[in-house]
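Asker: My structure file model_39.pdb, PDB, C-alpha atoms, is below:
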```
MODEL        1
ATOM      1  CA  MET A   1      27.815 -12.270  10.842
ATOM      2  CA  THR A   2      24.340 -13.441   9.828
ATOM      3  CA  PRO A   3      22.467 -10.702   7.930
ATOM      4  CA  GLU A   4      19.249  -9.343   9.340
ATOM      5  CA  PRO A   5      16.138 -10.894   7.716
ATOM      6  CA  PHE A   6      14.297  -9.106   4.914
ATOM      7  CA  THR A   7      10.669  -9.437   6.038
ATOM      8  CA  LEU A   8       7.274  -8.003   5.139
ATOM      9  CA  THR A   9       4.578  -7.391   7.772
ATOM     10  CA  THR A  10       0.985  -6.643   6.797
ATOM     11  CA  LEU A  11       0.123  -3.733   9.080
ATOM     12  CA  GLY A  12      -3.241  -3.081   7.422
ATOM     13  CA  THR A  13      -5.090  -5.479   5.132
ATOM     14  CA  ALA A  14      -8.396  -3.656   4.627
ATOM     15  CA  GLY A  15      -9.275  -1.969   1.362
ATOM     16  CA  GLY A  16     -11.596   0.731   0.124
ATOM     17  CA  PRO A  17     -13.022   3.783   1.877
ATOM     18  CA  MET A  18     -15.364   1.921   4.239
ATOM     19  CA  GLN A  19     -14.025   1.244   7.735
ATOM     20  CA  ASN A  20     -13.389  -2.415   8.474
ATOM     21  CA  PRO A  21     -13.809  -3.343  12.164
ATOM     22  CA  ASP A  22     -11.470  -6.328  11.756
ATOM     23  CA  ARG A  23      -8.675  -4.796   9.674
ATOM     24  CA  ALA A  24      -6.669  -1.564   9.510
ATOM     25  CA  GLN A  25      -6.356   0.472   6.317
ATOM     26  CA  PRO A  26      -3.579  -0.433   3.839
ATOM     27  CA  ALA A  27      -0.018  -0.233   5.175
ATOM     28  CA  PHE A  28       2.958  -2.587   5.037
ATOM     29  CA  LEU A  29       6.204  -2.767   6.999
ATOM     30  CA  LEU A  30       9.290  -3.897   5.122
ATOM     31  CA  MET A  31      12.341  -4.603   7.257
ATOM     32  CA  ASN A  32      15.400  -3.763   5.165
ATOM     33  CA  GLY A  33      17.853  -5.330   7.573
ATOM     34  CA  THR A  34      17.353  -3.258  10.710
ATOM     35  CA  LYS A  35      15.750  -0.382   8.792
ATOM     36  CA  PRO A  36      11.932  -0.216   8.802
ATOM     37  CA  VAL A  37      10.362   0.939   5.539
ATOM     38  CA  LEU A  38       6.651   1.825   5.305
ATOM     39  CA  ILE A  39       4.674   1.118   2.142
ATOM     40  CA  ASP A  40       1.401   3.028   2.021
ATOM     41  CA  CYS A  41       0.136   4.840   5.093
ATOM     42  CA  GLY A  42      -3.546   4.206   5.626
ATOM     43  CA  ASP A  43      -5.500   5.376   8.649
ATOM     44  CA  GLY A  44      -4.059   3.819  11.817
ATOM     45  CA  ALA A  45      -0.644   3.016  10.345
ATOM     46  CA  MET A  46       1.245   4.624  13.235
ATOM     47  CA  ARG A  47      -0.641   2.526  15.781
ATOM     48  CA  GLN A  48      -0.052  -0.598  13.729
ATOM     49  CA  LEU A  49       3.687   0.120  13.617
ATOM     50  CA  LYS A  50       3.697   0.209  17.415
ATOM     51  CA  ARG A  51       1.790  -3.055  17.568
ATOM     52  CA  ALA A  52       4.440  -4.552  15.281
ATOM     53  CA  GLY A  53       7.164  -3.418  17.687
ATOM     54  CA  ILE A  54       8.444  -0.536  15.565
ATOM     55  CA  GLU A  55       8.864   3.060  16.735
ATOM     56  CA  PHE A  56       7.445   5.455  14.143
ATOM     57  CA  ARG A  57      10.495   7.710  14.526
ATOM     58  CA  ASP A  58      12.698   4.885  13.231
ATOM     59  CA  VAL A  59      10.948   4.912   9.848
ATOM     60  CA  ALA A  60      13.041   6.952   7.425
ATOM     61  CA  GLU A  61      11.350   5.991   4.137
ATOM     62  CA  ILE A  62       7.711   5.762   3.044
ATOM     63  CA  PHE A  63       6.623   4.544  -0.409
ATOM     64  CA  LEU A  64       3.112   5.382  -1.647
ATOM     65  CA  THR A  65       1.465   3.270  -4.339
ATOM     66  CA  HIS A  66      -1.269   5.788  -5.203
ATOM     67  CA  HIS A  67      -3.355   8.561  -3.719
ATOM     68  CA  HIS A  68      -6.713   7.000  -2.875
ATOM     69  CA  PHE A  69      -7.512   8.007   0.658
ATOM     70  CA  ASP A  70      -7.483   4.522   2.158
ATOM     71  CA  HIS A  71      -3.772   4.362   1.272
ATOM     72  CA  ILE A  72      -2.710   7.831   2.488
ATOM     73  CA  GLY A  73      -5.092   8.693   5.334
ATOM     74  CA  GLY A  74      -2.410   8.208   8.009
ATOM     75  CA  LEU A  75       0.122  10.641   6.521
ATOM     76  CA  PHE A  76      -1.054  13.661   8.530
ATOM     77  CA  ALA A  77      -0.739  11.708  11.779
ATOM     78  CA  CYS A  78       2.689  10.479  10.693
ATOM     79  CA  ILE A  79       4.216  13.889  10.069
ATOM     80  CA  GLY A  80       2.348  15.528  12.964
ATOM     81  CA  ILE A  81       3.499  13.142  15.672
ATOM     82  CA  ASN A  82       7.038  13.252  14.315
ATOM     83  CA  MET A  83       6.846  17.042  14.665
ATOM     84  CA  MET A  84       5.528  16.846  18.226
ATOM     85  CA  THR A  85       8.255  14.399  19.250
ATOM     86  CA  MET A  86      10.905  16.790  17.923
ATOM     87  CA  ARG A  87      12.107  14.745  14.963
ATOM     88  CA  ARG A  88      15.239  16.063  13.301
ATOM     89  CA  GLU A  89      16.267  13.089  11.131
ATOM     90  CA  PRO A  90      15.095  13.124   7.487
ATOM     91  CA  LEU A  91      11.896  11.307   6.534
ATOM     92  CA  THR A  92      11.692  10.685   2.778
ATOM     93  CA  ILE A  93       8.292  10.084   1.213
ATOM     94  CA  TYR A  94       8.270   8.593  -2.298
ATOM     95  CA  GLY A  95       5.193   8.507  -4.478
ATOM     96  CA  PRO A  96       3.751   9.233  -7.918
ATOM     97  CA  ALA A  97       3.134  12.718  -9.273
ATOM     98  CA  GLY A  98       0.820  14.608  -6.931
ATOM     99  CA  THR A  99       2.594  13.458  -3.772
ATOM    100  CA  ALA A 100       4.293  16.839  -3.333
ATOM    101  CA  GLN A 101       0.972  18.671  -3.646
ATOM    102  CA  ILE A 102      -0.588  16.449  -0.976
ATOM    103  CA  LEU A 103       2.344  16.949   1.394
ATOM    104  CA  ASP A 104       2.314  20.707   0.819
ATOM    105  CA  GLY A 105      -1.274  20.729   2.063
ATOM    106  CA  LEU A 106      -0.396  18.602   5.100
ATOM    107  CA  PHE A 107       2.558  20.870   5.859
ATOM    108  CA  ALA A 108       0.178  23.846   5.854
ATOM    109  CA  GLY A 109      -2.067  21.930   8.218
ATOM    110  CA  CYS A 110       0.855  21.671  10.635
ATOM    111  CA  ASP A 111       1.389  25.455  10.765
ATOM    112  CA  VAL A 112      -1.102  26.103  13.563
ATOM    113  CA  PRO A 113      -0.046  23.295  15.950
ATOM    114  CA  ASN A 114       3.585  24.088  15.214
ATOM    115  CA  ALA A 115       3.047  27.746  16.138
ATOM    116  CA  ILE A 116       1.215  26.756  19.326
ATOM    117  CA  GLY A 117       3.979  24.387  20.404
ATOM    118  CA  PHE A 118       3.806  23.160  23.991
ATOM    119  CA  GLY A 119       3.262  26.532  25.614
ATOM    120  CA  VAL A 120       6.843  26.566  26.914
ATOM    121  CA  ALA A 121       8.605  29.903  26.478
ATOM    122  CA  GLY A 122      11.441  29.665  23.996
ATOM    123  CA  GLN A 123      10.683  26.070  22.945
ATOM    124  CA  VAL A 124      10.284  25.568  19.203
ATOM    125  CA  MET A 125       9.194  22.375  17.493
ATOM    126  CA  PRO A 126      10.728  21.423  14.160
ATOM    127  CA  HIS A 127       8.280  21.887  11.307
ATOM    128  CA  PRO A 128       7.706  18.915   8.969
ATOM    129  CA  ARG A 129       8.930  21.119   6.133
ATOM    130  CA  GLU A 130      12.343  20.895   7.800
ATOM    131  CA  PHE A 131      12.611  17.100   8.079
ATOM    132  CA  VAL A 132      10.281  15.649   5.406
ATOM    133  CA  LYS A 133      11.712  15.194   1.946
ATOM    134  CA  VAL A 134       9.298  14.406  -0.897
ATOM    135  CA  ARG A 135      10.507  12.591  -3.993
ATOM    136  CA  GLU A 136       8.057  12.024  -6.813
ATOM    137  CA  ILE A 137       8.899   8.930  -8.828
ATOM    138  CA  GLN A 138       7.866   7.554 -12.213
ATOM    139  CA  PRO A 139       7.298   4.141 -13.752
ATOM    140  CA  GLY A 140      10.651   2.647 -14.704
ATOM    141  CA  ASP A 141      12.567   4.321 -11.882
ATOM    142  CA  VAL A 142      15.049   2.169  -9.967
ATOM    143  CA  LEU A 143      16.094   3.349  -6.495
ATOM    144  CA  THR A 144      18.626   1.999  -4.020
ATOM    145  CA  SER A 145      18.582   1.994  -0.228
ATOM    146  CA  GLY A 146      21.582   0.228   1.236
ATOM    147  CA  GLU A 147      21.604  -3.225  -0.347
ATOM    148  CA  MET A 148      17.943  -2.952  -1.338
ATOM    149  CA  ARG A 149      16.922  -2.100  -4.891
ATOM    150  CA  VAL A 150      13.437  -0.688  -5.521
ATOM    151  CA  THR A 151      11.913  -0.989  -9.009
ATOM    152  CA  VAL A 152       8.726   0.819 -10.007
ATOM    153  CA  CYS A 153       6.080   0.196 -12.656
ATOM    154  CA  GLU A 154       2.692   1.674 -13.456
ATOM    155  CA  ASN A 155      -0.347  -0.557 -12.997
ATOM    156  CA  THR A 156      -3.932  -0.474 -14.234
ATOM    157  CA  HIS A 157      -5.775   0.786 -11.169
ATOM    158  CA  TYR A 158      -6.486   4.089 -12.888
ATOM    159  CA  ARG A 159      -6.278   3.313 -16.590
ATOM    160  CA  ALA A 160      -5.567   0.673 -19.244
ATOM    161  CA  GLU A 161      -2.023  -0.061 -20.360
ATOM    162  CA  ALA A 162      -2.724   1.552 -23.731
ATOM    163  CA  GLU A 163      -2.911   4.870 -21.854
ATOM    164  CA  PHE A 164       0.387   4.468 -19.979
ATOM    165  CA  GLY A 165       2.728   7.377 -20.590
ATOM    166  CA  LYS A 166      -0.059   9.868 -21.227
ATOM    167  CA  GLU A 167      -1.000  12.757 -18.972
ATOM    168  CA  GLY A 168      -3.005  11.761 -15.940
ATOM    169  CA  PRO A 169      -2.779  10.215 -12.493
ATOM    170  CA  VAL A 170      -0.525   7.198 -12.004
ATOM    171  CA  SER A 171      -0.855   4.180  -9.716
ATOM    172  CA  LEU A 172       2.345   2.266  -8.933
ATOM    173  CA  SER A 173       3.485  -1.242  -8.093
ATOM    174  CA  TYR A 174       6.825  -1.861  -6.355
ATOM    175  CA  ARG A 175       9.475  -4.560  -6.349
ATOM    176  CA  PHE A 176      11.974  -4.689  -3.482
ATOM    177  CA  ASP A 177      15.110  -6.785  -4.064
ATOM    178  CA  THR A 178      17.916  -7.652  -1.657
ATOM    179  CA  PRO A 179      20.773 -10.109  -2.280
ATOM    180  CA  ASP A 180      18.714 -12.956  -0.790
ATOM    181  CA  ARG A 181      15.015 -12.158  -1.373
ATOM    182  CA  SER A 182      12.536 -10.319  -3.605
ATOM    183  CA  VAL A 183       9.140  -8.928  -2.614
ATOM    184  CA  VAL A 184       6.546  -7.391  -4.966
ATOM    185  CA  LEU A 185       3.572  -5.311  -3.836
ATOM    186  CA  THR A 186       0.914  -4.913  -6.476
ATOM    187  CA  GLY A 187      -0.876  -2.025  -4.812
ATOM    188  CA  ASP A 188      -4.377  -1.647  -6.249
ATOM    189  CA  THR A 189      -4.473  -2.867  -9.841
ATOM    190  CA  GLY A 190      -6.295  -4.772 -12.531
ATOM    191  CA  GLU A 191      -4.685  -7.218 -14.908
ATOM    192  CA  CYS A 192      -1.384  -5.723 -16.066
ATOM    193  CA  ARG A 193       1.449  -7.041 -18.232
ATOM    194  CA  ALA A 194       3.901  -4.512 -16.771
ATOM    195  CA  LEU A 195       3.169  -5.855 -13.291
ATOM    196  CA  GLU A 196       3.655  -9.417 -14.515
ATOM    197  CA  GLU A 197       7.129  -8.470 -15.741
ATOM    198  CA  LEU A 198       7.902  -6.630 -12.509
ATOM    199  CA  ALA A 199       6.973  -9.733 -10.488
ATOM    200  CA  ARG A 200       8.960 -12.168 -12.650
ATOM    201  CA  GLY A 201      10.567 -14.797 -10.381
ATOM    202  CA  ALA A 202       9.767 -12.962  -7.139
ATOM    203  CA  ASP A 203       9.910 -14.880  -3.871
ATOM    204  CA  LEU A 204       6.840 -13.140  -2.421
ATOM    205  CA  LEU A 205       3.883 -11.440  -4.125
ATOM    206  CA  ILE A 206       1.656  -9.286  -1.916
ATOM    207  CA  SER A 207      -1.449  -8.846  -4.037
ATOM    208  CA  GLU A 208      -4.793  -7.166  -3.692
ATOM    209  CA  ILE A 209      -7.909  -9.194  -4.401
ATOM    210  CA  ALA A 210     -11.523  -8.162  -4.877
ATOM    211  CA  ASP A 211     -14.775 -10.099  -4.737
ATOM    212  CA  LEU A 212     -16.742  -8.447  -7.538
ATOM    213  CA  ASP A 213     -20.036 -10.273  -7.083
ATOM    214  CA  LEU A 214     -20.208  -9.824  -3.317
ATOM    215  CA  THR A 215     -19.192  -6.167  -3.548
ATOM    216  CA  MET A 216     -21.785  -5.395  -6.205
ATOM    217  CA  GLN A 217     -24.504  -7.110  -4.171
ATOM    218  CA  ARG A 218     -23.693  -4.798  -1.276
ATOM    219  CA  VAL A 219     -23.431  -1.683  -3.434
ATOM    220  CA  ARG A 220     -26.878  -2.313  -4.865
ATOM    221  CA  ALA A 221     -28.388  -3.160  -1.456
ATOM    222  CA  ARG A 222     -27.023  -0.006   0.164
ATOM    223  CA  ASN A 223     -27.705   2.380  -2.741
ATOM    224  CA  ALA A 224     -31.237   1.692  -3.908
ATOM    225  CA  HIS A 225     -31.387   5.202  -5.422
ATOM    226  CA  MET A 226     -28.601   4.476  -7.921
ATOM    227  CA  SER A 227     -29.527   4.023 -11.555
ATOM    228  CA  ASP A 228     -28.497   0.935 -13.516
ATOM    229  CA  ALA A 229     -26.013   3.130 -15.421
ATOM    230  CA  GLN A 230     -24.341   4.213 -12.178
ATOM    231  CA  ILE A 231     -24.206   0.624 -10.955
ATOM    232  CA  ASP A 232     -22.666  -0.462 -14.263
ATOM    233  CA  LYS A 233     -19.920   2.158 -13.920
ATOM    234  CA  ILE A 234     -19.008   0.849 -10.471
ATOM    235  CA  ARG A 235     -18.922  -2.723 -11.794
ATOM    236  CA  GLU A 236     -16.724  -1.641 -14.709
ATOM    237  CA  HIS A 237     -14.269   0.055 -12.334
ATOM    238  CA  LEU A 238     -14.098  -2.923  -9.985
ATOM    239  CA  SER A 239     -13.684  -5.460 -12.778
ATOM    240  CA  SER A 240     -11.064  -3.452 -14.724
ATOM    241  CA  HIS A 241      -9.087  -1.894 -11.885
ATOM    242  CA  HIS A 242      -8.962  -4.743  -9.355
ATOM    243  CA  LEU A 243      -8.052  -8.443  -9.395
ATOM    244  CA  SER A 244     -10.260 -11.431  -8.752
ATOM    245  CA  PRO A 245      -8.729 -14.351  -6.821
ATOM    246  CA  GLU A 246      -8.453 -16.280 -10.085
ATOM    247  CA  GLN A 247      -6.630 -13.381 -11.743
ATOM    248  CA  VAL A 248      -4.199 -13.214  -8.816
ATOM    249  CA  GLY A 249      -3.460 -16.916  -9.227
ATOM    250  CA  ASP A 250      -2.981 -16.503 -12.961
ATOM    251  CA  LEU A 251      -0.636 -13.538 -12.411
ATOM    252  CA  ALA A 252       1.428 -15.543  -9.923
ATOM    253  CA  THR A 253       1.693 -18.489 -12.304
ATOM    254  CA  ARG A 254       2.656 -16.400 -15.324
ATOM    255  CA  ALA A 255       5.208 -14.418 -13.314
ATOM    256  CA  GLY A 256       6.662 -17.555 -11.726
ATOM    257  CA  VAL A 257       6.497 -16.327  -8.135
ATOM    258  CA  ALA A 258       6.907 -18.682  -5.195
ATOM    259  CA  HIS A 259       4.445 -17.393  -2.592
ATOM    260  CA  VAL A 260       1.247 -15.325  -2.796
ATOM    261  CA  VAL A 261      -0.234 -13.340   0.088
ATOM    262  CA  ALA A 262      -3.629 -11.744  -0.564
ATOM    263  CA  VAL A 263      -4.601  -8.401   1.011
ATOM    264  CA  HIS A 264      -6.950  -5.398   0.570
ATOM    265  CA  PHE A 265     -10.277  -6.753   1.783
ATOM    266  CA  ALA A 266     -13.514  -4.802   1.933
ATOM    267  CA  PRO A 267     -15.599  -5.285   5.093
ATOM    268  CA  GLY A 268     -17.080  -8.779   5.163
ATOM    269  CA  VAL A 269     -14.618 -10.165   2.629
ATOM    270  CA  ALA A 270     -12.114 -12.807   3.769
ATOM    271  CA  THR A 271     -13.738 -13.550   7.096
ATOM    272  CA  PRO A 272     -12.614 -16.639   9.052
ATOM    273  CA  GLU A 273     -15.490 -18.506   7.412
ATOM    274  CA  THR A 274     -14.743 -17.442   3.817
ATOM    275  CA  THR A 275     -10.937 -17.257   3.852
ATOM    276  CA  PRO A 276     -10.482 -20.892   2.731
ATOM    277  CA  SER A 277     -12.657 -20.309  -0.334
ATOM    278  CA  TYR A 278     -10.589 -17.330  -1.478
ATOM    279  CA  ALA A 279      -7.357 -19.270  -1.007
ATOM    280  CA  ALA A 280      -8.837 -22.149  -2.997
ATOM    281  CA  ARG A 281      -9.828 -19.839  -5.841
ATOM    282  CA  ILE A 282      -6.245 -18.523  -6.079
ATOM    283  CA  SER A 283      -4.839 -22.052  -5.813
ATOM    284  CA  ALA A 284      -7.038 -23.202  -8.660
ATOM    285  CA  MET A 285      -4.761 -21.129 -10.908
ATOM    286  CA  PHE A 286      -1.478 -21.325  -8.967
ATOM    287  CA  GLU A 287       0.435 -24.289  -7.544
ATOM    288  CA  GLY A 288       2.632 -22.340  -5.120
ATOM    289  CA  ARG A 289       2.059 -21.292  -1.541
ATOM    290  CA  VAL A 290      -1.054 -19.161  -0.912
ATOM    291  CA  GLU A 291      -2.113 -17.274   2.203
ATOM    292  CA  ILE A 292      -4.915 -14.849   3.008
ATOM    293  CA  ALA A 293      -3.311 -12.199   5.219
ATOM    294  CA  SER A 294      -4.432 -10.925   8.575
ATOM    295  CA  ASP A 295      -3.194  -7.681  10.094
ATOM    296  CA  LEU A 296       0.282  -8.003  11.667
ATOM    297  CA  SER A 297       1.249 -11.196   9.841
ATOM    298  CA  THR A 298       4.943 -11.422   8.902
ATOM    299  CA  TYR A 299       6.360 -13.177   5.848
TER     300      TYR A 299
ENDMDL
END
```
Now, as a test, write the supplied structure out as structure tokens.
Answerer:
Amino acid sequence: MTPEPFTLTTLGTAGGPMQNPDRAQPAFLLMNGTKPVLIDCGDGAMRQLKRAGIEFRDVAEIFLTHHHFDHIGGLFACIGINMMTMRREPLTIYGPAGTAQILDGLFAGCDVPNAIGFGVAGQVMPHPREFVKVREIQPGDVLTSGEMRVTVCENTHYRAEAEFGKEGPVSLSYRFDTPDRSVVLTGDTGECRALEELARGADLLISEIADLDLTMQRVRARNAHMSDAQIDKIREHLSSHHLSPEQVGDLATRAGVAHVVAVHFAPGVATPETTPSYAARISAMFEGRVEIASDLSTY
């Protein structure tokens, strides 16, 4: 029997808090054989699953890279609609420290609609506390799901590598390996040696990119009241905690990956007119296959 393909679909390729009219917020569908796995759960993720042909109730595992709102905004909808459709099967949500606190708050938010129910005497909906399992994970953890192995590392979206292991919030990158294919998702990150090691020899690298100059032009244009010091702090964050196209290409070359797919675009970045230039900037540093993702592309 031919095994089911191990594929990655880009449900949402936008990035940042601003709404993007052309792209949904970050979310990715990994097909582990016939089992759909969700990575990040940005606003609109449930609708994007449907557009990809997947029923949300069939998702049994969600992996969160970090807790910025563009990556978790769809979690309340996810657990709420599972409650209203009478889910009984376990839904496991993996994420860095703080995930349990976030889910506890969302569970509390379900108390009122759960108590209301459907107005049918004697009918009781399951509460998400009954079917959602939360597992907080740490850099270095290795998990298994069927034939799939999941390896976790910290990245530099929140802090420099010299601060790894200290108290504080953690942003994660993931590697998913099956017997025939390996996929790495950077999540949001800056340059990071740990991520380079995680991605070593991967078949597919799904990487964020950021256009620092364009983004800073827009920040300054839209926030004339900001001081130069405030603007400098934003630039420092974007340059240290995100990757330029050239840095993505360099990462792919050093890690020896085969195929790069770029995601996480702010509004106005990677339009049909500018997509070729971003691909060219990555390819200037990387000889392998390069693509600039659209929503609902499958690799």
Asker: Got a sec to check which residues sit within 12 Å of (5.1, 18.8, -9.4), counting only C-alpha atoms, and write them as a ChimeraX atom specification?
Answerer: /A:95-104,134-138
Asker: Quick one, how far is atom CA of Gly119 of chain A from atom CA of Glu55 of chain A?
Answerer: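 Going from atom CA of Gly119 of chain A over to atom CA of Glu55 of chain A, I get 25.7 Å.
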Asker: Pick out the closest residue to Val257 of chain A from this set: A:Asp177, A:Glu154, A:Asp22, A:Asp203. Count all atoms listed in the file.
Answerer: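 Closest to Val257 of chain A, using all atoms listed in the file: A:Asp203.
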Asker: By how many Å are atom CA of Gly288 of chain A and atom CA of Ala24 of chain A apart?
Answerer: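 That distance, rounded to one decimal, is 27.1 Å.
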Asker: Once 8 Å is added on each side, what are the centre and the three edge lengths, in Å to one decimal, of the axis-aligned box enclosing the listed atoms of segment 279-298 of chain A? Present them as lines of an AutoDock Vina configuration file.
Answerer:
```
center_x = -2.4
center_y = -16.0
center_z = 0.4
size_x = 30.8
size_y = 32.6
size_z = 38.6
```
Asker: Translate the PyMOL selection byres ((chain A and resi 261) around 8) into a concrete residue list for this structure, as a list of chain:residue names.
Answerer: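 That expression, the PyMOL selection byres ((chain A and resi 261) around 8), corresponds here to A:Leu204, A:Leu205, A:Ile206, A:Ser207, A:His259, A:Val260, A:Ala262, A:Val263, A:Val290, A:Glu291, A:Ile292, A:Ala293.
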Asker: My list of candidates is A:Leu75, A:Met31, A:Val124, A:Ala202. Which is closest to Pro5 of chain A when distances are computed with only C-alpha atoms?
Answerer: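 So, comparing all the options, the nearest one is A:Met31.
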Asker: Just the number, please: distance in Å from atom CA of Leu64 of chain A to atom CA of Leu185 of chain A, one decimal.
Answerer: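 Distance reported for this atom pair: 10.9 Å.
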Asker: What would the list of residues within 9 Å of (0.2, 19.8, 18.5) (file frame) look like as a list in words, if all atoms listed in the file are what count?
Answerer: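 Collected hits near the coordinates: Gly80, Ile81, Met83, Met84, Cys110, Val112, Pro113, Asn114, Ala115, Ile116, Gly117 and Phe118 of chain A.
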Asker: May I have the residues within 7 Å of Arg175 of chain A as a ChimeraX atom specification, using only C-alpha atoms and disregarding those fewer than 3 positions away in the same chain?
Answerer: /A:150-152,183-185,198
Asker: Those residues with C-alpha atoms, as a PDB file, keeping the file's coordinate frame please?
Answerer:
```
ATOM      1  CA  VAL A 150      13.437  -0.688  -5.521  1.00  0.00           C
ATOM      2  CA  THR A 151      11.913  -0.989  -9.009  1.00  0.00           C
ATOM      3  CA  VAL A 152       8.726   0.819 -10.007  1.00  0.00           C
ATOM      4  CA  VAL A 183       9.140  -8.928  -2.614  1.00  0.00           C
ATOM      5  CA  VAL A 184       6.546  -7.391  -4.966  1.00  0.00           C
ATOM      6  CA  LEU A 185       3.572  -5.311  -3.836  1.00  0.00           C
ATOM      7  CA  LEU A 198       7.902  -6.630 -12.509  1.00  0.00           C
TER       8      LEU A 198
END
```
Asker: For the file shown, report as an MDAnalysis selection string the outcome of the PyMOL selection byres ((chain A and resi 195-197) around 12) at residue level.
Answerer: chainID A and resid 139:140 151:157 161 171:175 184:194 198:202 205:207 247:257
Asker: Restricting the calculation to only C-alpha atoms: of A:Ala45, A:Met86, A:Ile234, A:Val120, which residue gets closest to Gln217 of chain A?
Answerer: A:Ile234
Asker: Find, counting only C-alpha atoms, the residue in A:Leu238, A:Ala258, A:Ala60, A:Leu38 that gets nearest to Ile72 of chain A.
Answerer: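 Counting only C-alpha atoms, the residue closest to Ile72 of chain A is A:Leu38.
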